[in-house]
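I have placed the structure first, in the form of structure tokens, so that the comments after it can refer back to it.
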Amino acid sequence: MTLALENATKTVSGEVHIGDVSLTLEPGSLNVLLGRTLAGKTTLMRLMAGLERPTEGRVLVDGQDVTGIPVQQRNVAMVYQQFINYPSMTVFDNIASPLKLSKMENSEIDKRVRETAELMHIEHLLDRLPLELSGGQQQRTAMARAMVKDSSLLLLDEPLVNLDYKLREELRDEIPRLFKDRNTIVVYATTEPMEALLLGGKTAVMHEGRLMQFGPAAEVYHNPACVQTGTIFSDPPINYVDAEAENGTLFLGSGQKIALEGHLAGLSNGKYTVGIRANHLTVAPEGAHSIAMQGQVELAEITGSETFVHVHYNDVSWVIQEEGVHDPRLGETMTFYMDPKRLYIFERGGNLVAAPNRAKMKGAA
Amino acid sequence: MNRYRWLVPTLYILFLMLPIYWLVSMSFKTTNEILGGFSLWPSEFTVESYVKILTDSTWYSGYINSIAYVALNTVISVSFALPAAYAFSRYRFLGDKHLFFWLLTNRMAPPAVFALPFLQLYSAMGLFDTHLAVALAHCLFNIPLAVWILEGFMSGVPKEIDETAYIDGYSFPKFFVKIFMPLISSGIGVTAFFCFMFSWVELLLAKTLTTVEAKPIAAIMTKTASSSGYELGLLAAAGVLTIVPGAIVIWFVRNHIAKGFAMGRV
């Protein structure tokens with residue numbers, strides 16, 4: 001089925017939770033809702049599922065208006081961030097619960113529950129109660145229950161957040177494979193940009209109840225439509241600096257001058273916000289055009305394979321992503337470079353004007 | 001210091017148990033021995049008082065009456081409080097918090113205030129001297145209490161479980177009975193216990209609203225004390241038997257009772 005939201009708005013006692021969202025989800029697609037906490041991801045999912053009614057706007061399934069139809073009569077499944085299972089039922093009964101209500105033959109239920117349990121690697125736990133399981137196993141049970149019926153819409157609301165790091169990686173790898181050959185619309189909410197990129201599919205970036213951008217993950221990543229999208233869909237967030245263009249030169253708020261060439265050519269005079277990703281700030285010059293900057297090291301975060309160095313320079317804070325483990329002394333002055341070819345240009349605090357031309361840059365990511 | 005650690009709890013329990021011991025010991029004495037002087041334990045051990053209570057219908061009918069209206073009240077209270085508590089725990093509506101608090105204020109007035117209006121009302125309705133009359137009158141303070149306790153337990157169940165059930169296809173009644181009630185079963189048990197207890201010990205309304213047919217045991221006890229002299233042994237035995245049902249019920253909910261006192265919010 002195709003699910004479409006038409007100008008969906010949800011206000012709760014005067015507060016806008018979802019503002020005028022229009023979105024069409026294709027059958028068999030994997031869609032990632034990316035946004036910070038309170039961005040409205042969960043509310044949007046609840047509107048899609050029919051757990052809540054939009055204050056304004058419509059929900060369409062295959063072109064038919066289903067706005068007022070209760071969730072029982074829609075073919076949906078949902079997995080929550082908290083591990084939600086029926087504590088009084090065994091894992092088997094938990095998974096079987098949606099099937100039992102559809103008056104399926106017992107032998108068929110048994111077969112399907114076992115199949116799904118095997119897929120989720122919990123076939124040996126079927127006789128246990130959910131609370132006797134580890135967090136990962138509980139969430140696998142919840143996912144198995146969501147998958148056992150062939151729902152046309154599957155909502156996963158930050159399903160991996162409460163799991164430890166290893167389990168999260170494991171399940172994240174499995175998810176795209178699990179839904180590969182299904183005709184189900186999968187909607188996956190997350191706060192992590194990396195998760196959206198790893199899962200692939202389409203990404204919808206949400207900010208303060210509004211849909212900022214919707215499109216294939218890589219495309220949205222490379223062409224953030226506005227400053228907010230750039231911040232949300234980048235970890236660490238894109239470095240921003242105010243700038244002004246005047247007669248072929250871009251004056252950065254941090255004091256640099258950049259000639260307007262390449263993808264920056266033709267920028268009209270005016271005020272802009274310039275963005276550059278942390279991994280595009282380098283400690284060694286990347287090319288002849290690289291611009292050198294210096295700043296004081298404020299903080300260094302080491303993730304293992306990378307080091308994020310926070311640098312303060314002329315009232316602007318920058319985050320530089322360096323390969324490998326480095327341990328710069330705090331307060332030390334550090335020289336770093338940026339390549340004008342990598343710059344994003346936004347209207348001051350607003351929409352994208354120019355993005356780096358990726359076709360001309362090999363290995364750009 | 002450590003050597004005397006047992007002292008305080010022992011003394012505490014001793015003081016607590018002393019009146020109960022005295023009651024039990026009295027119930028096995030003859031009235032003459034009770035009135036005769038101080039004795040720590042029965043010198044002439046007799047079960048005569050118990051035999052009398054369990055064979056004389058004016059006595060044992062009191063227990064039957066009490067148990068009948070208490071059970072009736074417990075069933076009514078819990079079954080009315082369940083949907084009410086669910087609404088308070090899951091929905092927001094106009095004045096919900098005020099209404100919730102107002103429920104509790106029903107407990108603030110002494111039952112004596114309601115005795116007269118109830119008496120008049122039930123007489124007019126032909127309910128006077130029935131088990132139902134007492135059971136309904138006790139709902140006045142038991143339903144609010146039950147709503148408060150159950151609401152606490154229900155709020156401990158994540159709302160997502162309700163939604164998961166709806167998503168699975170459960171209708172509301174089916175979800176409530178098959179999924180939700182098993183989840184709060186200990187809460188229901190504790191609530192039933194409190195309703196039982198409060199109804200069991202309430203004397204004023206029960207006494208006012210009954211004469212013969214539905215007379216509670218506590219009322220019978222007070223009357224017997226004054227009619228044929230002081231039958232203290234008999235009275236003590238009746239007292240012991242009155243404690244028994246409460247003790248039995250408490251045994252079933254002993255593991256959940258603390259949670260119940262905290263209105264399920266522990």
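Order determines the names: the first chain of the structure tokens is A, the second B, and so forth; residues in each chain are numbered 1 upward, and ligands are numbered 1 upward as they are shown.
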Any idea what's packed within 9 Å of Asp168 of chain B, counting only C-alpha atoms, ignoring anything in its chain fewer than 5 positions away? Could you give it as a PDB file with C-alpha atoms, in the first residue's frame?
```pdb
ATOM      1  CA  VAL A  71      -5.961   1.420  14.617  1.00  0.00           C
ATOM      2  CA  GLN A  72      -7.593  -1.994  15.107  1.00  0.00           C
ATOM      3  CA  ASN A  75      -3.028  -3.195   9.173  1.00  0.00           C
ATOM      4  CA  VAL A  76      -0.135  -1.761  11.152  1.00  0.00           C
ATOM      5  CA  ALA A  77       2.544  -2.949  13.548  1.00  0.00           C
ATOM      6  CA  SER A  97      -1.153 -12.471  19.874  1.00  0.00           C
ATOM      7  CA  PRO A  98      -1.860 -10.559  16.620  1.00  0.00           C
ATOM      8  CA  LEU A  99      -2.455 -13.839  14.792  1.00  0.00           C
ATOM      9  CA  LEU A 101      -7.126 -12.319  16.969  1.00  0.00           C
ATOM     10  CA  ARG A 145       5.347  -9.693  17.198  1.00  0.00           C
ATOM     11  CA  ALA A 146       5.388  -6.762  14.821  1.00  0.00           C
ATOM     12  CA  LYS A 149       1.535 -10.508  10.788  1.00  0.00           C
TER      13      LYS A 149
ATOM     14  CA  GLU B 163      -1.569   0.735  22.188  1.00  0.00           C
TER      15      GLU B 163
END
```
Residues of chain A within 12 Å of chain B, only C-alpha atoms counted, as JSON, numbers by chain: {"A": [12, 13, 42, 46, 49, 50, 51, 52, 70, 71, 72, 73, 74, 75, 76, 77, 78, 79, 80, 81, 82, 83, 84, 85, 86, 87, 88, 89, 93, 94, 95, 96, 97, 98, 99, 100, 101, 102, 103, 142, 143, 145, 146, 147, 148, 149, 150, 151, 153, 154, 155, 157]}
Hey, can you spit out that residue selection with N, CA and C atoms as a compact mmCIF listing (two decimals), in the first residue's frame?
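out.txt, written as the output of this step:
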```
# COMPACT_ATOMS: atom_id res chain seq x y z
N VAL A 12 -1.82 20.11 20.31
CA VAL A 12 -2.33 19.66 21.60
C VAL A 12 -2.36 20.87 22.52
N SER A 13 -3.53 21.22 22.97
CA SER A 13 -3.80 22.43 23.77
C SER A 13 -2.95 23.62 23.30
N THR A 42 7.70 10.66 17.03
CA THR A 42 6.74 9.70 17.57
C THR A 42 5.31 10.11 17.23
N ARG A 46 2.44 8.07 15.25
CA ARG A 46 1.12 7.78 15.82
C ARG A 46 0.01 8.24 14.88
N ALA A 49 -0.13 5.58 12.20
CA ALA A 49 -0.73 4.33 12.66
C ALA A 49 -2.23 4.45 12.88
N GLY A 50 -2.68 5.67 13.18
CA GLY A 50 -4.08 5.84 13.53
C GLY A 50 -4.30 5.81 15.03
N LEU A 51 -3.22 5.88 15.80
CA LEU A 51 -3.37 5.95 17.25
C LEU A 51 -3.84 7.33 17.66
N GLU A 52 -3.52 8.30 16.83
CA GLU A 52 -4.02 9.65 17.08
C GLU A 52 -4.59 10.20 15.78
N PRO A 70 -10.05 3.61 13.26
CA PRO A 70 -9.24 3.24 14.41
C PRO A 70 -8.15 2.24 14.05
N VAL A 71 -7.16 2.20 14.91
CA VAL A 71 -5.96 1.42 14.62
C VAL A 71 -6.25 -0.07 14.47
N GLN A 72 -7.28 -0.56 15.19
CA GLN A 72 -7.59 -1.99 15.11
C GLN A 72 -7.92 -2.41 13.67
N GLN A 73 -8.52 -1.47 12.93
CA GLN A 73 -8.95 -1.83 11.58
C GLN A 73 -7.91 -1.49 10.52
N ARG A 74 -6.76 -0.99 10.96
CA ARG A 74 -5.70 -0.73 10.00
C ARG A 74 -4.67 -1.82 10.17
N ASN A 75 -3.97 -2.10 9.11
CA ASN A 75 -3.03 -3.20 9.17
C ASN A 75 -1.63 -2.66 9.50
N VAL A 76 -1.42 -2.34 10.77
CA VAL A 76 -0.13 -1.76 11.15
C VAL A 76 0.52 -2.57 12.26
N ALA A 77 1.80 -2.36 12.44
CA ALA A 77 2.54 -2.95 13.55
C ALA A 77 3.51 -1.90 14.05
N MET A 78 3.82 -1.96 15.33
CA MET A 78 4.69 -0.93 15.89
C MET A 78 5.62 -1.51 16.94
N VAL A 79 6.84 -1.01 16.95
CA VAL A 79 7.81 -1.40 17.97
C VAL A 79 8.26 -0.12 18.66
N TYR A 80 8.21 -0.15 20.00
CA TYR A 80 8.53 1.06 20.76
C TYR A 80 9.97 1.06 21.24
N GLN A 81 10.38 2.21 21.69
CA GLN A 81 11.72 2.37 22.27
C GLN A 81 11.84 1.54 23.55
N GLN A 82 10.82 1.65 24.43
CA GLN A 82 10.80 0.79 25.61
C GLN A 82 10.43 -0.61 25.11
N PHE A 83 10.92 -1.62 25.80
CA PHE A 83 10.61 -2.97 25.32
C PHE A 83 9.20 -3.31 25.75
N ILE A 84 8.25 -3.18 24.85
CA ILE A 84 6.86 -3.39 25.21
C ILE A 84 6.41 -4.79 24.79
N ASN A 85 6.18 -5.63 25.79
CA ASN A 85 5.59 -6.94 25.57
C ASN A 85 4.54 -7.13 26.63
N TYR A 86 3.68 -8.12 26.46
CA TYR A 86 2.70 -8.42 27.51
C TYR A 86 3.41 -9.24 28.58
N PRO A 87 3.64 -8.68 29.76
CA PRO A 87 4.46 -9.38 30.76
C PRO A 87 3.84 -10.68 31.25
N SER A 88 2.51 -10.79 31.14
CA SER A 88 1.87 -11.98 31.69
C SER A 88 1.81 -13.13 30.70
N MET A 89 2.28 -12.90 29.47
CA MET A 89 2.23 -13.97 28.47
C MET A 89 3.64 -14.44 28.14
N ASP A 93 3.23 -16.69 23.18
CA ASP A 93 1.91 -16.05 23.15
C ASP A 93 2.00 -14.58 22.75
N ASN A 94 3.09 -13.96 23.17
CA ASN A 94 3.30 -12.57 22.77
C ASN A 94 3.36 -12.45 21.25
N ILE A 95 4.17 -13.31 20.65
CA ILE A 95 4.32 -13.22 19.20
C ILE A 95 3.03 -13.64 18.51
N ALA A 96 2.35 -14.62 19.10
CA ALA A 96 1.14 -15.14 18.47
C ALA A 96 -0.06 -14.21 18.61
N SER A 97 0.04 -13.26 19.54
CA SER A 97 -1.15 -12.47 19.87
C SER A 97 -1.85 -11.79 18.68
N PRO A 98 -1.13 -11.16 17.75
CA PRO A 98 -1.86 -10.56 16.62
C PRO A 98 -2.52 -11.61 15.72
N LEU A 99 -1.90 -12.80 15.67
CA LEU A 99 -2.46 -13.84 14.79
C LEU A 99 -3.71 -14.45 15.40
N LYS A 100 -3.68 -14.63 16.73
CA LYS A 100 -4.82 -15.27 17.40
C LYS A 100 -6.09 -14.48 17.17
N LEU A 101 -5.94 -13.16 17.13
CA LEU A 101 -7.13 -12.32 16.97
C LEU A 101 -7.66 -12.37 15.55
N SER A 102 -6.81 -12.81 14.62
CA SER A 102 -7.30 -12.86 13.24
C SER A 102 -7.92 -14.21 12.92
N LYS A 103 -8.16 -15.02 13.97
CA LYS A 103 -8.83 -16.32 13.84
C LYS A 103 -8.13 -17.25 12.84
N ALA A 142 9.49 -8.15 20.76
CA ALA A 142 8.57 -7.11 20.30
C ALA A 142 8.62 -6.99 18.78
N MET A 143 9.82 -7.11 18.23
CA MET A 143 9.93 -7.01 16.77
C MET A 143 9.31 -8.22 16.08
N ARG A 145 6.80 -9.87 17.17
CA ARG A 145 5.35 -9.69 17.20
C ARG A 145 4.90 -8.73 16.11
N ALA A 146 5.74 -7.73 15.86
CA ALA A 146 5.39 -6.76 14.82
C ALA A 146 5.51 -7.36 13.43
N MET A 147 6.41 -8.35 13.30
CA MET A 147 6.66 -8.88 11.96
C MET A 147 5.82 -10.09 11.61
N VAL A 148 5.25 -10.73 12.64
CA VAL A 148 4.59 -12.01 12.39
C VAL A 148 3.34 -11.84 11.53
N LYS A 149 2.66 -10.73 11.69
CA LYS A 149 1.53 -10.51 10.79
C LYS A 149 2.04 -9.68 9.62
N ASP A 150 1.51 -9.93 8.46
CA ASP A 150 1.99 -9.20 7.30
C ASP A 150 1.34 -7.83 7.26
N SER A 151 1.82 -6.95 8.12
CA SER A 151 1.21 -5.63 8.15
C SER A 151 1.73 -4.82 6.97
N LEU A 153 2.11 -1.59 7.17
CA LEU A 153 2.90 -0.47 7.69
C LEU A 153 3.56 -0.91 8.99
N LEU A 154 4.86 -0.80 9.04
CA LEU A 154 5.59 -1.18 10.26
C LEU A 154 6.32 0.03 10.79
N LEU A 155 6.00 0.39 12.03
CA LEU A 155 6.61 1.58 12.63
C LEU A 155 7.60 1.16 13.69
N ASP A 157 9.88 2.81 16.46
CA ASP A 157 10.15 4.09 17.12
C ASP A 157 11.41 3.98 17.98
```
Residue nearest Lys202 of chain A - candidates A:Glu306, A:Glu26, A:Asp65, A:Glu246, atoms counted: only C-alpha atoms: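 The shortest atom-to-atom distance to Lys202 of chain A comes from A:Glu26.
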Between atom CA of Pro159 of chain A and atom CA of Pro176 of chain A, distance in Å (one decimal):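 One can read the atom CA of Pro159 of chain A to atom CA of Pro176 of chain A distance as 13.5 Å.
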Leu121 of chain B surroundings by only C-alpha atoms, 12 Å radius, close-in-sequence under 6 positions cut, as a ChimeraX atom specification: /B:114-115,127-128,133,136-137,209
Mind writing the picked residues with C-alpha atoms as a tab-separated table (two decimals), in the first residue's frame?
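File again29.tsv, as written:
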```
chain	number	residue	atom	x	y	z
B	114	PHE	CA	-24.29	10.26	56.27
B	115	ALA	CA	-26.06	7.91	58.66
B	127	LEU	CA	-33.71	-1.24	51.17
B	128	PHE	CA	-33.61	-0.90	54.93
B	133	ALA	CA	-28.14	-1.32	51.88
B	136	LEU	CA	-24.08	0.43	49.00
B	137	ALA	CA	-23.54	2.71	51.98
B	209	LEU	CA	-29.10	0.59	58.48
```
For segment 269-284 of chain A: contacts at 8 Å, only C-alpha atoms, fewer than 4 positions along chain excluded, given as a PyMOL selection string: chain A and resi 234+236-247+252+318-322+335-339+342-350
Restricting the output to N, CA and C atoms, write the selected residues as a tab-separated table (two decimals), in the first residue's frame.
```tsv
chain	number	residue	atom	x	y	z
A	234	SER	N	24.05	15.42	10.62
A	234	SER	CA	25.49	15.43	10.56
A	234	SER	C	26.00	15.26	11.98
A	236	PRO	N	29.70	15.03	13.99
A	236	PRO	CA	29.21	16.22	14.70
A	236	PRO	C	28.52	17.18	13.74
A	237	PRO	N	27.68	18.09	14.25
A	237	PRO	CA	26.95	19.01	13.38
A	237	PRO	C	27.89	19.80	12.48
A	238	ILE	N	27.38	20.20	11.34
A	238	ILE	CA	28.16	21.04	10.43
A	238	ILE	C	28.62	22.30	11.18
A	239	ASN	N	29.84	22.72	10.90
A	239	ASN	CA	30.33	23.98	11.46
A	239	ASN	C	29.72	25.13	10.67
A	240	TYR	N	29.15	26.08	11.37
A	240	TYR	CA	28.56	27.22	10.67
A	240	TYR	C	29.30	28.49	11.02
A	241	VAL	N	29.41	29.36	10.04
A	241	VAL	CA	29.98	30.67	10.31
A	241	VAL	C	29.25	31.67	9.42
A	242	ASP	N	28.98	32.83	9.97
A	242	ASP	CA	28.30	33.86	9.18
A	242	ASP	C	29.28	34.41	8.14
A	243	ALA	N	28.74	34.79	7.03
A	243	ALA	CA	29.61	35.31	5.97
A	243	ALA	C	28.86	36.35	5.16
A	244	GLU	N	29.63	37.13	4.42
A	244	GLU	CA	29.02	38.13	3.56
A	244	GLU	C	29.72	38.08	2.21
A	245	ALA	N	28.95	38.07	1.15
A	245	ALA	CA	29.53	38.06	-0.19
A	245	ALA	C	29.50	39.48	-0.73
A	246	GLU	N	30.63	39.87	-1.30
A	246	GLU	CA	30.67	41.21	-1.89
A	246	GLU	C	31.57	41.17	-3.10
A	247	ASN	N	31.02	41.44	-4.25
A	247	ASN	CA	31.78	41.57	-5.49
A	247	ASN	C	32.80	40.45	-5.68
A	252	LEU	N	34.36	35.68	5.47
A	252	LEU	CA	33.85	34.88	6.58
A	252	LEU	C	33.89	35.70	7.86
A	318	TRP	N	34.84	25.72	16.14
A	318	TRP	CA	34.90	24.74	15.06
A	318	TRP	C	35.11	23.36	15.65
A	319	VAL	N	34.58	22.36	14.97
A	319	VAL	CA	34.90	20.98	15.33
A	319	VAL	C	35.64	20.37	14.15
A	320	ILE	N	36.80	19.84	14.45
A	320	ILE	CA	37.60	19.22	13.40
A	320	ILE	C	37.65	17.73	13.64
A	321	GLN	N	37.38	16.96	12.60
A	321	GLN	CA	37.44	15.52	12.74
A	321	GLN	C	38.75	15.02	12.18
A	322	GLU	N	39.55	14.40	13.03
A	322	GLU	CA	40.86	13.93	12.61
A	322	GLU	C	40.89	12.42	12.66
A	335	THR	N	46.77	24.79	13.87
A	335	THR	CA	46.49	25.27	12.51
A	335	THR	C	45.67	24.21	11.79
A	336	PHE	N	44.60	24.66	11.15
A	336	PHE	CA	43.81	23.70	10.37
A	336	PHE	C	43.39	24.37	9.06
A	337	TYR	N	42.95	23.55	8.14
A	337	TYR	CA	42.70	24.04	6.79
A	337	TYR	C	41.29	23.72	6.36
A	338	MET	N	40.75	24.61	5.52
A	338	MET	CA	39.49	24.24	4.88
A	338	MET	C	39.58	24.52	3.40
A	339	ASP	N	38.91	23.65	2.66
A	339	ASP	CA	38.94	23.75	1.21
A	339	ASP	C	37.66	24.43	0.75
A	342	ARG	N	34.55	22.65	-0.51
A	342	ARG	CA	33.70	21.85	0.37
A	342	ARG	C	32.63	22.67	1.07
A	343	LEU	N	32.56	23.93	0.77
A	343	LEU	CA	31.67	24.79	1.54
A	343	LEU	C	30.21	24.66	1.10
A	344	TYR	N	29.34	24.66	2.10
A	344	TYR	CA	27.91	24.81	1.84
A	344	TYR	C	27.56	26.27	2.07
A	345	ILE	N	26.74	26.81	1.19
A	345	ILE	CA	26.30	28.18	1.39
A	345	ILE	C	24.79	28.19	1.62
A	346	PHE	N	24.37	28.77	2.73
A	346	PHE	CA	22.94	28.90	3.04
A	346	PHE	C	22.60	30.38	3.10
A	347	GLU	N	21.35	30.71	2.84
A	347	GLU	CA	20.88	32.05	3.20
A	347	GLU	C	21.10	32.18	4.70
A	348	ARG	N	21.28	33.37	5.19
A	348	ARG	CA	21.57	33.54	6.61
A	348	ARG	C	20.52	32.81	7.46
A	349	GLY	N	20.96	31.68	8.06
A	349	GLY	CA	20.08	30.88	8.91
A	349	GLY	C	18.95	30.19	8.18
A	350	GLY	N	19.05	30.07	6.86
A	350	GLY	CA	17.90	29.54	6.13
A	350	GLY	C	18.25	28.47	5.11
```
Residue with smallest distance to Gly201 of chain A - pool A:Ala144, A:Leu260, A:Leu250, A:Leu30, counting only C-alpha atoms: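 Going through A:Ala144, A:Leu260, A:Leu250, A:Leu30 one by one, the smallest distance to Gly201 of chain A is for A:Leu30.
For segment 22-79 of chain A, a DSSP pass over the backbone yields strand (DSSP E or B) at A:Ser22, A:Leu23, A:Thr24, A:Leu25, A:Leu30, A:Asn31, A:Val32, A:Leu33, A:Leu34, A:Glu56, A:Gly57, A:Arg58, A:Val59, A:Leu60, A:Val61, A:Gln64, A:Asp65, A:Val76, A:Ala77, A:Met78, A:Val79.
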Distance query segment 241-256 of chain B at most 12 Å, only C-alpha atoms, self and fewer than 3 positions along chain excluded, as a PyMOL selection string: chain B and resi 20+23-24+27+49-51+53-54+59-60+62-64+66-67+70-71+149+153+184-201+216-221+234-238+259-266
DSSP helix (DSSP H, G or I) residues within segment 100-320 of chain A, listed as a ChimeraX atom specification: /A:100-101,106-119,123-125,130-132,135-148,165-178,193-199,217-222,227-232,262-264,278-280
Using only C-alpha atoms: which of A:Thr2, A:Ser305, A:Thr116, A:Ser22 has the shortest distance to Ala204 of chain A: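 Using only C-alpha atoms, Ala204 of chain A sits closest to A:Ser22.
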